[in-house]
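Visitor: Contents are mmCIF, C-alpha atoms (C1' of nucleotides); file name query_27.cif:
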data_final
#
loop_
_atom_site.label_atom_id
_atom_site.label_comp_id
_atom_site.auth_asym_id
_atom_site.auth_seq_id
_atom_site.Cartn_x
_atom_site.Cartn_y
_atom_site.Cartn_z
CA MET K 46 148.65 190.73 167.47
CA HIS K 47 147.77 187.16 166.56
CA ASP K 48 144.23 188.31 166.73
CA GLU K 49 144.88 191.02 164.18
CA LEU K 50 146.76 188.70 161.86
CA ALA K 51 143.86 186.31 161.99
CA ARG K 52 141.35 189.08 161.35
CA PHE K 53 143.34 190.26 158.37
CA GLU K 54 143.60 186.80 156.91
CA ALA K 55 139.89 186.28 157.41
CA TYR K 56 139.18 189.56 155.68
CA LEU K 57 141.39 188.62 152.75
CA ARG K 58 139.63 185.29 152.42
CA THR K 59 136.21 186.91 152.21
CA ARG K 60 137.52 188.78 149.20
CA GLY K 61 139.20 185.82 147.58
CA LEU K 62 142.65 187.24 148.34
CA ARG K 63 145.69 185.57 149.85
CA MET K 64 147.78 186.04 152.94
CA THR K 65 151.33 186.28 151.69
CA ARG K 66 154.76 186.78 153.20
CA PRO K 67 155.04 190.48 152.26
CA ARG K 68 151.53 191.22 153.50
CA GLU K 69 152.24 189.56 156.78
CA THR K 70 155.56 191.36 157.19
CA ILE K 71 153.95 194.69 156.44
CA LEU K 72 151.07 194.13 158.84
CA ARG K 73 153.39 192.93 161.64
CA THR K 74 155.60 195.96 161.21
CA PHE K 75 152.61 198.23 161.12
CA LEU K 76 151.18 196.74 164.32
CA GLU K 77 154.52 197.03 166.10
CA THR K 78 154.72 200.74 165.46
CA GLU K 79 152.83 203.12 167.72
CA GLY K 80 151.76 206.47 166.46
CA HIS K 81 151.24 207.91 163.02
CA LEU K 82 152.96 206.20 160.15
CA SER K 83 153.20 207.29 156.54
CA ALA K 84 153.36 204.74 153.77
CA ASP K 85 156.93 205.81 153.20
CA ALA K 86 157.92 205.32 156.83
CA LEU K 87 156.20 201.97 156.83
CA LEU K 88 158.19 201.01 153.75
CA ARG K 89 161.46 201.88 155.47
CA GLU K 90 160.54 199.96 158.62
CA THR K 91 159.36 196.97 156.64
CA ARG K 92 162.57 196.88 154.64
CA LYS K 93 164.56 196.45 157.84
CA VAL K 94 162.85 193.08 158.09
CA ASP K 95 162.80 192.26 154.38
CA PRO K 96 164.70 194.64 152.11
CA ARG K 97 163.15 193.30 148.93
CA ILE K 98 159.69 194.63 149.62
CA GLY K 99 158.59 197.25 147.10
CA GLN K 100 156.76 200.44 147.83
CA ALA K 101 153.84 199.54 145.61
CA THR K 102 153.20 196.54 147.81
CA VAL K 103 153.21 198.71 150.91
CA PHE K 104 150.69 201.09 149.37
CA ARG K 105 148.50 198.25 148.21
CA THR K 106 148.72 196.49 151.56
CA ILE K 107 148.03 199.49 153.76
CA HIS K 108 144.84 200.03 151.78
CA LEU K 109 143.81 196.47 152.47
CA ILE K 110 144.64 196.85 156.15
CA ALA K 111 142.48 199.94 156.36
CA GLU K 112 139.65 198.25 154.50
CA ALA K 113 139.88 195.37 156.92
CA GLY K 114 139.29 197.85 159.72
CA LEU K 115 142.69 197.35 161.35
CA ALA K 116 143.93 200.87 160.62
CA ARG K 117 142.54 204.31 160.31
CA GLU K 118 143.85 207.32 158.53
CA ALA K 119 145.43 209.58 161.09
CA CYS K 120 145.12 212.62 158.84
CA ASN K 121 147.79 214.35 156.81
CA ASP K 122 150.61 214.88 159.26
CA GLU K 123 151.97 217.32 156.67
CA GLY K 124 152.50 216.06 153.22
CA ALA K 125 151.66 212.42 153.32
CA ARG K 126 148.68 210.50 154.55
CA THR K 127 149.44 208.68 157.74
CA TYR K 128 147.90 205.62 159.28
CA GLU K 129 147.54 204.35 162.78
CA HIS K 130 146.65 200.86 163.92
CA LEU K 131 143.63 200.20 166.05
CA ALA K 132 145.01 197.42 168.20
CA GLY K 133 145.47 197.39 171.94
CA HIS K 134 145.68 201.04 172.78
CA PRO K 135 142.63 203.17 173.50
CA HIS K 136 141.36 205.42 170.79
CA HIS K 137 142.70 208.88 171.05
CA ASP K 138 141.97 212.06 169.24
CA HIS K 139 143.99 215.05 168.23
CA LEU K 140 144.06 218.70 169.05
CA ARG K 141 146.22 220.53 166.56
CA CYS K 142 147.53 224.07 166.58
CA SER K 143 147.03 225.62 163.16
CA GLN K 144 149.96 227.97 163.71
CA CYS K 145 152.79 225.81 164.99
CA GLY K 146 151.48 222.36 164.06
CA ARG K 147 151.83 221.00 167.59
CA ILE K 148 149.57 218.04 168.26
CA ILE K 149 148.08 217.15 171.61
CA GLU K 150 146.50 213.73 171.98
CA PHE K 151 143.55 213.28 174.21
CA CYS K 152 140.84 210.79 174.92
CA ASP K 153 137.28 211.60 175.87
CA PRO K 154 135.10 208.69 176.97
CA GLU K 155 131.90 210.65 176.49
CA ILE K 156 132.72 211.29 172.86
CA GLU K 157 133.60 207.63 172.36
CA GLN K 158 130.23 206.73 173.75
CA ARG K 159 128.39 209.09 171.41
CA GLN K 160 130.33 207.70 168.48
CA ALA K 161 129.23 204.19 169.32
CA ALA K 162 125.66 205.43 169.44
CA ILE K 163 125.99 206.97 165.99
CA PHE K 164 127.37 203.79 164.45
CA ALA K 165 124.38 201.95 165.89
CA GLN K 166 121.92 204.57 164.71
CA PHE K 167 122.99 204.20 161.08
CA GLY K 168 123.47 200.45 161.21
CA PHE K 169 127.21 200.62 160.62
CA GLU K 170 129.68 198.08 161.85
CA PRO K 171 132.28 200.24 163.65
CA GLN K 172 135.86 200.08 162.45
CA GLY K 173 137.45 203.24 163.73
CA HIS K 174 137.30 206.96 163.79
CA MET K 175 139.42 210.00 163.57
CA MET K 176 138.81 213.35 165.10
CA GLU K 177 140.99 216.37 164.89
CA LEU K 178 140.21 219.65 166.57
CA THR K 179 141.99 222.65 165.12
CA GLY K 180 142.69 225.83 167.00
CA VAL K 181 145.41 228.11 168.24
CA CYS K 182 147.46 226.94 171.19
CA PRO K 183 148.12 229.19 174.19
CA GLU K 184 151.70 229.96 173.13
CA CYS K 185 150.71 230.99 169.62
CA ARG K 186 147.83 233.04 170.94
CA ARG K 187 150.29 234.97 173.06
CA ALA K 188 152.64 235.35 170.11
CA MET K 189 149.83 236.66 167.93
CA VAL K 190 148.77 239.20 170.52
CA ALA K 191 152.37 240.33 170.94
CA ARG K 192 152.87 240.75 167.20
CA ARG K 193 149.65 242.67 166.86
CA SER K 194 150.55 245.18 169.56
CA ARG K 195 154.04 245.64 168.14
CA GLN K 196 152.65 246.94 164.85
CA MET M 3 130.24 236.66 154.11
CA HIS M 4 131.29 240.24 154.73
CA ASP M 5 132.12 239.08 158.18
CA GLU M 6 134.44 236.39 156.82
CA LEU M 7 136.12 238.76 154.42
CA ALA M 8 136.77 241.14 157.28
CA ARG M 9 138.10 238.35 159.47
CA PHE M 10 140.44 237.24 156.73
CA GLU M 11 141.73 240.74 156.12
CA ALA M 12 142.26 241.19 159.84
CA TYR M 13 144.16 237.94 159.99
CA LEU M 14 146.36 238.96 157.09
CA ARG M 15 147.12 242.28 158.73
CA THR M 16 148.28 240.61 161.94
CA ARG M 17 150.85 238.83 159.81
CA GLY M 18 151.91 241.83 157.79
CA LEU M 19 150.25 240.43 154.67
CA ARG M 20 147.96 242.07 152.16
CA MET M 21 144.41 241.60 151.01
CA THR M 22 144.64 241.39 147.24
CA ARG M 23 142.23 240.90 144.37
CA PRO M 24 143.10 237.23 143.79
CA ARG M 25 142.88 236.45 147.50
CA GLU M 26 139.49 238.06 147.73
CA THR M 27 138.22 236.27 144.63
CA ILE M 28 139.43 232.94 145.93
CA LEU M 29 137.91 233.44 149.37
CA ARG M 30 134.57 234.61 147.93
CA THR M 31 134.41 231.59 145.64
CA PHE M 32 135.34 229.30 148.47
CA LEU M 33 132.65 230.72 150.74
CA GLU M 34 130.02 230.42 148.01
CA THR M 35 130.63 226.73 147.59
CA GLU M 36 129.02 224.32 150.00
CA GLY M 37 130.58 220.98 150.66
CA HIS M 38 134.05 219.59 150.18
CA LEU M 39 136.32 221.35 147.75
CA SER M 40 139.72 220.32 146.51
CA ALA M 41 142.32 222.91 145.62
CA ASP M 42 141.90 221.89 142.03
CA ALA M 43 138.12 222.33 142.08
CA LEU M 44 138.56 225.68 143.79
CA LEU M 45 140.95 226.72 141.03
CA ARG M 46 138.41 225.83 138.35
CA GLU M 47 135.61 227.69 140.13
CA THR M 48 137.80 230.70 140.75
CA ARG M 49 138.83 230.87 137.13
CA LYS M 50 135.19 231.25 136.10
CA VAL M 51 135.38 234.61 137.86
CA ASP M 52 138.95 235.49 136.93
CA PRO M 53 140.66 233.18 134.43
CA ARG M 54 144.11 234.59 135.08
CA ILE M 55 144.42 233.18 138.56
CA GLY M 56 147.16 230.58 138.88
CA GLN M 57 147.02 227.36 140.80
CA ALA M 58 149.95 228.28 143.00
CA THR M 59 147.96 231.23 144.26
CA VAL M 60 145.02 229.00 145.07
CA PHE M 61 147.22 226.63 147.04
CA ARG M 62 148.88 229.48 148.86
CA THR M 63 145.58 231.16 149.60
CA ILE M 64 143.70 228.11 150.81
CA HIS M 65 146.50 227.58 153.34
CA LEU M 66 146.05 231.11 154.56
CA ILE M 67 142.29 230.69 154.77
CA ALA M 68 142.73 227.57 156.85
CA GLU M 69 145.29 229.26 159.10
CA ALA M 70 142.85 232.11 159.56
CA GLY M 71 140.35 229.58 160.87
CA LEU M 72 137.86 230.08 158.06
CA ALA M 73 138.25 226.60 156.63
CA ARG M 74 139.00 223.15 157.85
CA GLU M 75 140.39 220.19 156.05
CA ALA M 76 137.53 217.89 155.22
CA CYS M 77 139.88 214.95 154.86
CA ASN M 78 141.06 213.21 151.71
CA ASP M 79 137.88 212.64 149.74
CA GLU M 80 139.96 210.33 147.58
CA GLY M 81 143.11 211.59 146.13
CA ALA M 82 143.30 215.22 147.04
CA ARG M 83 142.93 217.11 150.27
CA THR M 84 139.62 218.88 150.45
CA TYR M 85 138.51 221.89 152.39
CA GLU M 86 135.23 223.10 153.71
CA HIS M 87 134.34 226.56 154.91
CA LEU M 88 133.12 227.17 158.42
CA ALA M 89 130.63 229.93 157.73
CA GLY M 90 126.92 229.87 158.32
CA HIS M 91 126.12 226.20 158.28
CA PRO M 92 126.26 224.06 161.39
CA HIS M 93 129.25 221.83 161.91
CA HIS M 94 128.66 218.38 160.68
CA ASP M 95 130.65 215.22 160.85
CA HIS M 96 131.07 212.25 158.60
CA LEU M 97 130.30 208.59 158.74
CA ARG M 98 132.08 206.78 155.95
CA CYS M 99 131.75 203.25 154.67
CA SER M 100 135.20 201.75 154.18
CA GLN M 101 133.87 199.40 151.51
CA CYS M 102 131.81 201.56 149.17
CA GLY M 103 133.02 205.02 150.18
CA ARG M 104 129.53 206.32 150.85
CA ILE M 105 129.48 209.28 153.23
CA ILE M 106 126.68 210.13 155.62
CA GLU M 107 126.74 213.54 157.26
CA PHE M 108 125.44 213.95 160.75
CA CYS M 109 125.52 216.42 163.57
CA ASP M 110 125.65 215.58 167.23
CA PRO M 111 125.20 218.46 169.66
CA GLU M 112 126.60 216.50 172.58
CA ILE M 113 129.84 215.89 170.75
CA GLU M 114 130.05 219.56 169.77
CA GLN M 115 129.68 220.43 173.42
CA ARG M 116 132.46 218.10 174.49
CA GLN M 117 134.71 219.50 171.81
CA ALA M 118 134.19 223.00 173.12
CA ALA M 119 135.10 221.73 176.57
CA ILE M 120 138.32 220.22 175.26
CA PHE M 121 139.39 223.42 173.54
CA ALA M 122 138.85 225.21 176.83
CA GLN M 123 140.69 222.59 178.83
CA PHE M 124 143.87 222.99 176.78
CA GLY M 125 143.59 226.74 176.41
CA PHE M 126 143.10 226.61 172.66
CA GLU M 127 141.20 229.16 170.66
CA PRO M 128 138.76 227.02 168.67
CA GLN M 129 138.89 227.21 164.89
CA GLY M 130 137.24 224.05 163.67
CA HIS M 131 137.21 220.33 163.80
CA MET M 132 136.81 217.31 161.69
CA MET M 133 135.54 213.96 162.68
CA GLU M 134 135.14 210.94 160.50
CA LEU M 135 133.78 207.65 161.71
CA THR M 136 134.70 204.66 159.59
CA GLY M 137 132.75 201.46 159.41
CA VAL M 138 130.81 199.18 157.15
CA CYS M 139 127.38 200.34 156.03
CA PRO M 140 124.34 198.05 156.22
CA GLU M 141 124.36 197.31 152.48
CA CYS M 142 128.01 196.32 152.43
CA ARG M 143 127.57 194.24 155.54
CA ARG M 144 124.88 192.29 153.75
CA ALA M 145 127.04 191.97 150.65
CA MET M 146 129.94 190.66 152.71
CA VAL M 147 127.81 188.07 154.43
CA ALA M 148 126.37 186.97 151.09
CA ARG M 149 129.82 186.63 149.51
CA ARG M 150 131.12 184.67 152.47
CA SER M 151 128.30 182.11 152.35
CA ARG M 152 128.66 181.72 148.60
CA GLN M 153 132.22 180.45 148.98
"C1'" DC T 79 159.00 253.31 146.47
"C1'" DT T 80 159.40 249.30 149.17
"C1'" DT T 81 157.70 245.00 150.17
"C1'" DA T 82 154.75 241.46 149.24
"C1'" DA T 83 151.91 238.77 145.75
"C1'" DT T 84 151.19 236.73 141.27
"C1'" DG T 85 151.52 233.59 137.40
"C1'" DC T 86 154.15 230.56 135.04
"C1'" DA T 87 156.82 226.62 134.62
"C1'" DA T 88 159.73 223.53 136.65
"C1'" DA T 89 160.69 220.68 140.53
"C1'" DC T 90 159.21 217.67 144.01
"C1'" DT T 91 156.55 214.40 146.53
"C1'" DT T 92 153.22 211.08 147.01
"C1'" DT T 93 150.44 207.55 145.03
"C1'" DT T 94 148.96 204.53 141.25
"C1'" DT T 95 149.59 201.54 137.32
"C1'" DG T 96 151.49 198.28 133.64
"C1'" DC T 97 153.91 194.40 133.12
"C1'" DA T 98 157.00 190.41 133.30
"C1'" DC T 99 158.10 187.24 136.71
"C1'" DA T 100 157.34 184.85 141.13
"C1'" DT T 101 154.24 182.66 144.30
"C1'" DC T 102 150.45 180.65 146.53
"C1'" DA T 103 146.75 177.12 146.89
"C1'" DT E 242 148.22 174.95 136.70
"C1'" DG E 243 145.67 179.04 137.08
"C1'" DA E 244 144.88 182.56 139.69
"C1'" DT E 245 146.64 186.33 142.50
"C1'" DG E 246 150.75 188.95 144.25
"C1'" DT E 247 155.27 191.18 143.71
"C1'" DG E 248 158.89 194.36 142.44
"C1'" DC E 249 160.41 197.50 139.32
"C1'" DA E 250 160.08 201.42 136.68
"C1'" DA E 251 157.25 204.63 134.55
"C1'" DA E 252 153.28 207.48 134.87
"C1'" DA E 253 150.02 210.22 137.09
"C1'" DA E 254 148.34 213.22 140.50
"C1'" DG E 255 148.93 216.63 143.87
"C1'" DT E 256 151.65 220.27 145.91
"C1'" DT E 257 155.50 223.42 146.42
"C1'" DT E 258 159.08 226.53 144.82
"C1'" DG E 259 162.09 229.87 142.04
"C1'" DC E 260 161.89 233.77 139.53
"C1'" DA E 261 160.75 237.73 136.71
"C1'" DT E 262 156.97 240.82 136.77
"C1'" DT E 263 152.95 243.16 138.83
"C1'" DA E 264 150.36 245.25 142.43
"C1'" DA E 265 149.43 246.91 147.21
"C1'" DG E 266 149.99 250.15 150.85
#
Could you quickly redo this structure as structure tokens?
Guide:
Amino acid sequence: MHDELARFEAYLRTRGLRMTRPRETILRTFLETEGHLSADALLRETRKVDPRIGQATVFRTIHLIAEAGLAREACNDEGARTYEHLAGHPHHDHLRCSQCGRIIEFCDPEIEQRQAAIFAQFGFEPQGHMMELTGVCPECRRAMVARRSRQ
Amino acid sequence: MHDELARFEAYLRTRGLRMTRPRETILRTFLETEGHLSADALLRETRKVDPRIGQATVFRTIHLIAEAGLAREACNDEGARTYEHLAGHPHHDHLRCSQCGRIIEFCDPEIEQRQAAIFAQFGFEPQGHMMELTGVCPECRRAMVARRSRQ
DNA sequence: CTTAATGCAAACTTTTTGCACATCA
DNA sequence: TGATGTGCAAAAAGTTTGCATTAAG
């Protein structure tokens, strides 16, 4: 956590920007929350710590956090963009059912390895990744078959 | 293309829905366009064929197309959700620079293979996937180093 | 003929922006 | 002090919904 705060401050400095109270509060809150977080949810959480924080600041700050490589977009969880921090926990990816919206998280070391290779191949400094597989889950497949035969 | 139209019609039938003129026009237009397409861009393209089509219909139809497994979300290209059709061309993934927004497309057969394995493992019927790696491209890395040393 | 689909406009939601004031270095 | 940052409110952008009318099967 301290590590991330330091990285963020360092990133800000390289851009001539400042580490402020609201930015720190927002980042701390963001890091404390596991899972997908919309800007709106982050605003609500942040306001529990400091109710004066405005939503514009949250939007502006989450962009900075993502640019700094501390967050990745965790893809439209319906409606709003969501973010996920990249600290501590292993990367995981998503398997989503296009029918019922259910999301299964998984982690595949082989894929992680290939991703690292691709970053290297193109000379990129890795920051994060997101992968979402879309399909139809077993339950919905059954439901679809049932519906079809009923007609 | 005929194949996709048939698949879409079949999908609609399983849900008790109808294949209509606007839906066909929208799907045809969508399939003819390579690359990422926002709902708004799809509306404009579709209206070149049939100017009476409304945006609500495009939104409603692109959802159906995605549910039918003929499109995948190609992740927020800035601002709006974009879609990409899954017909004909090989799956490709994205490597995006978080600083300048540049996107490199690549294709990694090993990753594709692992993805297929994961669908199978969870009993999902595969429809599509999206993967986006985020990092800092070589140019921006250089720029960042230069800026840092200047200060 | 019955049910679903369409287009329009309005409503809603999410995100960005302008600006006066506060704050950091 | 001079720059950047903040909160607020307004604006913009994207998406969904209600409804009268049209079209599909």
Visitor: Name all residues at most 12 Å from segment 89-100 of chain T (count all atoms listed in the file; drop same-chain ones fewer than 2 positions away) and give them as a ChimeraX atom specification.
Guide: /K:83-85,100-105,108,121,123-127 /M:80-82 /T:87,102 /E:245-259
Visitor: Using all atoms listed in the file, find which residues of chain T lie within 8 Å of chain M and jot them down as a JSON list (two decimals) with C-alpha atoms (C1' of nucleotides), in the coordinates of the input.
Guide:
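This is the output file result_19.json:
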[["chain", "number", "residue", "atom", "x", "y", "z"],
["T", 82, "DA", "C1'", 154.75, 241.46, 149.24],
["T", 83, "DA", "C1'", 151.91, 238.77, 145.75],
["T", 84, "DT", "C1'", 151.19, 236.73, 141.27],
["T", 85, "DG", "C1'", 151.52, 233.59, 137.40],
["T", 86, "DC", "C1'", 154.15, 230.56, 135.04]]
Visitor: Residues near segment 151-155 of chain K, anyone? I mean within 12 Å using all atoms listed in the file, not counting same-chain ones fewer than 5 positions away, as a VMD selection string.
Guide: (chain K and resid 134 to 141 160 to 162 175 to 178) or (chain M and resid 112 to 117 119 to 121 123 to 124)
Visitor: Would you write out those residues with C-alpha atoms, as a CSV table (one decimal), in the frame of the given file?
Guide:
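Heads up, here's the output in selection11.csv:
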chain,number,residue,atom,x,y,z
K,134,HIS,CA,145.7,201.0,172.8
K,135,PRO,CA,142.6,203.2,173.5
K,136,HIS,CA,141.4,205.4,170.8
K,137,HIS,CA,142.7,208.9,171.0
K,138,ASP,CA,142.0,212.1,169.2
K,139,HIS,CA,144.0,215.0,168.2
K,140,LEU,CA,144.1,218.7,169.0
K,141,ARG,CA,146.2,220.5,166.6
K,160,GLN,CA,130.3,207.7,168.5
K,161,ALA,CA,129.2,204.2,169.3
K,162,ALA,CA,125.7,205.4,169.4
K,175,MET,CA,139.4,210.0,163.6
K,176,MET,CA,138.8,213.4,165.1
K,177,GLU,CA,141.0,216.4,164.9
K,178,LEU,CA,140.2,219.6,166.6
M,112,GLU,CA,126.6,216.5,172.6
M,113,ILE,CA,129.8,215.9,170.8
M,114,GLU,CA,130.0,219.6,169.8
M,115,GLN,CA,129.7,220.4,173.4
M,116,ARG,CA,132.5,218.1,174.5
M,117,GLN,CA,134.7,219.5,171.8
M,119,ALA,CA,135.1,221.7,176.6
M,120,ILE,CA,138.3,220.2,175.3
M,121,PHE,CA,139.4,223.4,173.5
M,123,GLN,CA,140.7,222.6,178.8
M,124,PHE,CA,143.9,223.0,176.8
Visitor: Determine the residue membership of the PyMOL selection byres ((chain K and resi 51) around 12) for the file above and supply it as a PyMOL selection string.
Guide: chain K and resi 46-50+52-58+64+69+72-73+113+115
Visitor: Take the selection from the previous step and output its residues with C-alpha atoms, as a CSV table (one decimal), keeping the file's coordinate frame.
Guide:
chain,number,residue,atom,x,y,z
K,46,MET,CA,148.6,190.7,167.5
K,47,HIS,CA,147.8,187.2,166.6
K,48,ASP,CA,144.2,188.3,166.7
K,49,GLU,CA,144.9,191.0,164.2
K,50,LEU,CA,146.8,188.7,161.9
K,52,ARG,CA,141.4,189.1,161.4
K,53,PHE,CA,143.3,190.3,158.4
K,54,GLU,CA,143.6,186.8,156.9
K,55,ALA,CA,139.9,186.3,157.4
K,56,TYR,CA,139.2,189.6,155.7
K,57,LEU,CA,141.4,188.6,152.8
K,58,ARG,CA,139.6,185.3,152.4
K,64,MET,CA,147.8,186.0,152.9
K,69,GLU,CA,152.2,189.6,156.8
K,72,LEU,CA,151.1,194.1,158.8
K,73,ARG,CA,153.4,192.9,161.6
K,113,ALA,CA,139.9,195.4,156.9
K,115,LEU,CA,142.7,197.4,161.4
Visitor: Which is closest to chain M among K:Cys185, K:Thr70, K:Ser143, K:Ile149, if we use all atoms listed in the file?
Guide: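 Selected residue with least distance to chain M: K:Ser143.
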Visitor: Here is a test: counting all atoms listed in the file, which residue of K:Ala86, K:Leu76, K:Val94, K:Ile110 is nearest to chain M?
Guide: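 Of the candidates, the smallest distance to chain M is held by K:Ile110.
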Visitor: What are the residues of chain K lining chain M at 6 Å or less? Count only C-alpha atoms, and put the answer as a VMD selection string.
Guide: chain K and resid 59 112 143 156 168 to 183 193
Visitor: Could you save the residues just selected, with C-alpha atoms, as a PDB file, in the frame of the given file?
Guide:
ATOM      1  CA  THR K  59     136.210 186.910 152.210  1.00  0.00           C
ATOM      2  CA  GLU K 112     139.650 198.250 154.500  1.00  0.00           C
ATOM      3  CA  SER K 143     147.030 225.620 163.160  1.00  0.00           C
ATOM      4  CA  ILE K 156     132.720 211.290 172.860  1.00  0.00           C
ATOM      5  CA  GLY K 168     123.470 200.450 161.210  1.00  0.00           C
ATOM      6  CA  PHE K 169     127.210 200.620 160.620  1.00  0.00           C
ATOM      7  CA  GLU K 170     129.680 198.080 161.850  1.00  0.00           C
ATOM      8  CA  PRO K 171     132.280 200.240 163.650  1.00  0.00           C
ATOM      9  CA  GLN K 172     135.860 200.080 162.450  1.00  0.00           C
ATOM     10  CA  GLY K 173     137.450 203.240 163.730  1.00  0.00           C
ATOM     11  CA  HIS K 174     137.300 206.960 163.790  1.00  0.00           C
ATOM     12  CA  MET K 175     139.420 210.000 163.570  1.00  0.00           C
ATOM     13  CA  MET K 176     138.810 213.350 165.100  1.00  0.00           C
ATOM     14  CA  GLU K 177     140.990 216.370 164.890  1.00  0.00           C
ATOM     15  CA  LEU K 178     140.210 219.650 166.570  1.00  0.00           C
ATOM     16  CA  THR K 179     141.990 222.650 165.120  1.00  0.00           C
ATOM     17  CA  GLY K 180     142.690 225.830 167.000  1.00  0.00           C
ATOM     18  CA  VAL K 181     145.410 228.110 168.240  1.00  0.00           C
ATOM     19  CA  CYS K 182     147.460 226.940 171.190  1.00  0.00           C
ATOM     20  CA  PRO K 183     148.120 229.190 174.190  1.00  0.00           C
ATOM     21  CA  ARG K 193     149.650 242.670 166.860  1.00  0.00           C
TER      22      ARG K 193
END
